[in-house]
>>> print(open('target.txt').read())   # compact mmCIF, C-alpha atoms
# COMPACT_ATOMS: atom_id res chain seq x y z
CA MET V 1 -30.06 -57.42 -11.09
CA ASP V 2 -33.05 -59.64 -10.49
CA TYR V 3 -35.79 -58.92 -12.99
CA THR V 4 -37.80 -61.93 -11.79
CA VAL V 5 -39.35 -59.77 -9.05
CA PHE V 6 -41.51 -58.29 -11.80
CA ASP V 7 -42.71 -61.79 -12.69
CA LYS V 8 -43.78 -62.21 -9.07
CA VAL V 9 -45.86 -59.03 -8.62
CA ASN V 10 -48.98 -61.18 -8.26
CA ALA V 11 -47.34 -63.58 -5.78
CA GLU V 12 -44.54 -62.91 -3.28
CA PHE V 13 -44.02 -59.34 -4.50
CA ALA V 14 -47.69 -58.44 -4.57
CA ARG V 15 -48.69 -55.19 -2.95
CA ARG V 16 -50.14 -55.82 0.51
CA ALA V 17 -53.65 -54.56 1.19
CA ASP V 18 -52.53 -51.93 3.71
CA GLU V 19 -49.19 -51.13 2.06
CA PRO V 20 -48.76 -47.55 0.78
CA GLU V 21 -47.63 -47.34 -2.84
CA GLN V 22 -44.37 -45.65 -1.82
CA THR V 23 -43.48 -48.52 0.53
CA TYR V 24 -44.36 -51.10 -2.10
CA MET V 25 -42.36 -49.33 -4.81
CA ASP V 26 -39.33 -49.09 -2.51
CA ARG V 27 -39.57 -52.78 -1.56
CA LEU V 28 -39.85 -53.91 -5.18
CA PHE V 29 -36.91 -51.87 -6.50
CA ARG V 30 -34.67 -52.80 -3.55
CA ALA V 31 -35.34 -56.49 -4.21
CA ALA V 32 -34.58 -56.09 -7.92
CA CYS V 33 -31.30 -54.26 -7.31
CA GLU V 34 -30.09 -56.42 -4.43
CA GLY V 35 -30.84 -59.69 -6.18
CA SER V 36 -29.02 -61.40 -9.01
CA ASP V 37 -29.90 -63.95 -11.62
CA GLY V 38 -26.26 -65.09 -11.59
CA GLU V 39 -25.74 -64.35 -15.29
CA GLN V 40 -22.74 -62.42 -16.65
CA ARG V 41 -24.87 -59.90 -18.52
CA VAL V 42 -24.40 -56.16 -18.95
CA ASN V 43 -27.15 -55.27 -16.50
CA ASN V 44 -25.51 -57.35 -13.77
CA LEU V 45 -22.02 -56.07 -14.60
CA LEU V 46 -23.24 -52.46 -14.31
CA ALA V 47 -24.00 -53.30 -10.66
CA PRO V 48 -26.72 -50.70 -10.03
CA ARG V 49 -27.53 -49.75 -6.47
CA PHE V 50 -30.96 -48.57 -5.40
CA CYS V 51 -30.95 -44.96 -4.16
CA ALA V 52 -34.50 -43.70 -4.14
CA CYS V 53 -37.90 -43.80 -5.71
CA ASP V 54 -40.90 -41.52 -5.45
CA ALA V 55 -44.35 -42.89 -6.20
CA ALA V 56 -45.94 -39.42 -6.29
CA ALA V 57 -43.32 -37.98 -8.66
CA HIS V 58 -43.01 -41.23 -10.70
CA THR V 59 -39.21 -41.36 -10.33
CA LEU V 60 -36.49 -43.93 -9.72
CA THR V 61 -32.85 -43.19 -8.92
CA LEU V 62 -30.10 -45.79 -9.27
CA GLU V 63 -26.41 -45.32 -8.52
CA TYR V 64 -23.51 -46.70 -10.54
CA THR V 65 -19.71 -46.60 -10.19
CA ALA V 66 -17.54 -46.10 -13.29
CA GLN V 67 -15.37 -49.22 -13.18
CA PRO V 68 -12.19 -49.72 -15.25
CA TRP V 69 -13.90 -52.05 -17.75
CA MET V 70 -16.46 -49.28 -18.47
CA LEU V 71 -13.85 -46.76 -19.67
CA ASN V 72 -12.91 -45.92 -23.24
CA SER V 73 -9.41 -45.23 -24.61
CA LYS V 74 -9.50 -41.71 -23.12
CA ASP V 75 -10.15 -43.15 -19.63
CA THR V 76 -13.63 -41.67 -19.53
CA LEU V 77 -16.91 -43.53 -19.16
CA HIS V 78 -17.84 -45.07 -22.51
CA GLY V 79 -20.95 -43.49 -23.98
CA GLY V 80 -22.50 -46.90 -24.51
CA ILE V 81 -22.21 -47.63 -20.80
CA LEU V 82 -23.94 -44.39 -19.87
CA SER V 83 -26.62 -45.19 -22.45
CA ALA V 84 -27.04 -48.66 -20.93
CA ALA V 85 -27.43 -47.13 -17.45
CA PHE V 86 -30.12 -44.80 -18.79
CA ASP V 87 -31.87 -47.67 -20.55
CA MET V 88 -31.73 -49.91 -17.49
CA THR V 89 -33.05 -47.30 -15.06
CA MET V 90 -35.86 -46.14 -17.33
CA GLY V 91 -36.71 -49.75 -18.21
CA LEU V 92 -37.06 -50.69 -14.54
CA LEU V 93 -39.38 -47.76 -13.94
CA THR V 94 -41.43 -48.76 -16.98
CA ARG V 95 -41.75 -52.30 -15.65
CA TYR V 96 -43.13 -50.93 -12.39
CA TYR V 97 -45.75 -48.67 -13.93
CA ARG V 98 -46.82 -51.17 -16.59
CA GLY V 99 -46.86 -54.03 -14.07
CA VAL V 100 -44.99 -56.36 -16.40
CA ASN V 101 -41.51 -57.79 -16.81
CA ASP V 102 -41.49 -57.72 -20.59
CA VAL V 103 -40.73 -54.24 -21.91
CA SER V 104 -38.81 -53.19 -25.00
CA THR V 105 -36.93 -49.99 -25.72
CA VAL V 106 -38.40 -48.34 -28.80
CA THR V 107 -36.31 -45.17 -28.80
CA LEU V 108 -33.44 -43.91 -26.66
CA THR V 109 -31.93 -40.48 -27.21
CA VAL V 110 -28.88 -39.53 -25.15
CA HIS V 111 -27.16 -36.17 -24.84
CA PHE V 112 -23.63 -36.32 -23.44
CA LEU V 113 -22.74 -33.18 -21.49
CA HIS V 114 -19.60 -33.84 -19.42
CA PRO V 115 -17.28 -36.84 -19.11
CA ALA V 116 -17.28 -39.22 -16.16
CA PHE V 117 -13.97 -40.77 -15.11
CA GLY V 118 -12.95 -44.08 -13.56
CA GLY V 119 -14.13 -44.33 -9.98
CA ASP V 120 -16.79 -41.64 -10.42
CA VAL V 121 -20.07 -42.47 -8.74
CA PHE V 122 -23.04 -41.29 -10.75
CA ARG V 123 -26.77 -41.39 -10.27
CA VAL V 124 -29.37 -41.87 -12.96
CA ARG V 125 -32.73 -40.36 -12.06
CA ALA V 126 -35.52 -41.52 -14.34
CA LYS V 127 -39.00 -40.01 -14.54
CA SER V 128 -42.06 -41.58 -16.09
CA ASP V 129 -43.53 -38.66 -18.01
CA ARG V 130 -46.49 -40.60 -19.42
CA ALA V 131 -47.40 -44.24 -19.12
CA GLY V 132 -50.12 -45.51 -21.41
CA ARG V 133 -51.49 -49.02 -21.84
CA ARG V 134 -48.85 -49.93 -24.41
CA VAL V 135 -46.36 -47.07 -24.71
CA SER V 136 -44.47 -45.20 -21.99
CA PHE V 137 -42.44 -42.00 -22.30
CA LEU V 138 -39.59 -41.30 -19.91
CA SER V 139 -36.79 -38.83 -19.31
CA ALA V 140 -33.63 -39.12 -17.24
CA GLU V 141 -30.53 -37.34 -16.01
CA ALA V 142 -27.15 -38.78 -15.03
CA ALA V 143 -25.20 -36.71 -12.53
CA ASP V 144 -22.07 -37.00 -10.43
CA ALA V 145 -23.28 -38.21 -7.02
CA PRO V 146 -21.12 -35.88 -4.87
CA THR V 147 -21.36 -32.68 -6.93
CA GLY V 148 -24.53 -33.02 -9.00
CA ARG V 149 -22.67 -32.14 -12.20
CA LEU V 150 -24.65 -33.49 -15.16
CA PHE V 151 -22.96 -36.11 -17.29
CA GLY V 152 -25.91 -36.50 -19.62
CA THR V 153 -29.64 -36.49 -20.22
CA ALA V 154 -31.89 -38.92 -22.04
CA THR V 155 -35.41 -39.53 -23.27
CA ALA V 156 -36.90 -42.88 -24.17
CA THR V 157 -40.01 -44.62 -25.35
CA PHE V 158 -40.81 -48.15 -24.17
CA MET V 159 -43.43 -50.69 -25.25
>>> encode(input="target.txt", output="structure tokens")
Amino acid sequence: MDYTVFDKVNAEFARRADEPEQTYMDRLFRAACEGSDGEQRVNNLLAPRFCACDAAAHTLTLEYTAQPWMLNSKDTLHGGILSAAFDMTMGLLTRYYRGVNDVSTVTLTVHFLHPAFGGDVFRVRAKSDRAGRRVSFLSAEAADAPTGRLFGTATATFM
């Protein structure tokens, strides 16, 4: 994960004069997900992959694979890992709409619905429900990529 792209939104990752917002949003999130800062941090270890974004709907979808290190003693995805995936996806979307790289999670509420197992590929779809000057409100769903079965839902507030 390369968060530095959000530090460069006024330079190399600036929106081009004739560039539609959807194209710009796609370019920015692809660069963030395909890059790496080389650090062994949770966000890099989660290895998110860019799936989709929608400028009109204010959404971002990232894909994750439940790796062995992410599993708990019951061989299901650890709740903290799913929470981190929610936090990461919603945080990226907040960075985009606020135009900054420095955001903080104020609240994160997660509802666990069904377990994910090792090897499961799941998608987190985040939606910016309201983005103010200082506070943003988001919601998200995590679902099995092939079947769409919901693993969990979340809401968050970011500053």
>>> residues_around(input="target.txt", residues="Arg134 (chain V)", least_positions_apart="4", cutoff="9 Å", atoms="only C-alpha atoms", output="CSV table (one decimal) with C-alpha atoms, in the coordinates of the input")
chain,number,residue,atom,x,y,z
V,98,ARG,CA,-46.8,-51.2,-16.6
V,158,PHE,CA,-40.8,-48.2,-24.2
V,159,MET,CA,-43.4,-50.7,-25.2
>>> residues_around(input="target.txt", residues="region 62-64 of chain V", least_positions_apart="2", cutoff="8 Å", atoms="only C-alpha atoms", output="PyMOL selection string")
chain V and resi 46-52+60+66+85+89+121-125+145
>>> closest_residue(input="target.txt", among="V:Asn72, V:Gln67, V:Ser128, V:Thr61", to="Ala142 (chain V)", atoms="all atoms listed in the file")
V:Thr61
>>> residues_around(input="target.txt", residues="His111 (chain V)", least_positions_apart="5", cutoff="10 Å", atoms="all atoms listed in the file", output="compact mmCIF listing (two decimals) with C-alpha atoms, in the coordinates of the input")
# COMPACT_ATOMS: atom_id res chain seq x y z
CA GLY V 79 -20.95 -43.49 -23.98
CA SER V 83 -26.62 -45.19 -22.45
CA GLU V 141 -30.53 -37.34 -16.01
CA PHE V 151 -22.96 -36.11 -17.29
CA GLY V 152 -25.91 -36.50 -19.62
CA THR V 153 -29.64 -36.49 -20.22
CA ALA V 154 -31.89 -38.92 -22.04
CA THR V 155 -35.41 -39.53 -23.27
>>> axis_aligned_box(input="target.txt", around="region 39-42 of chain V", padding_each_side="3 Å", output="lines of an AutoDock Vina configuration file")
center_x = -24.2
center_y = -60.3
center_z = -17.1
size_x = 9.0
size_y = 14.2
size_z = 9.7
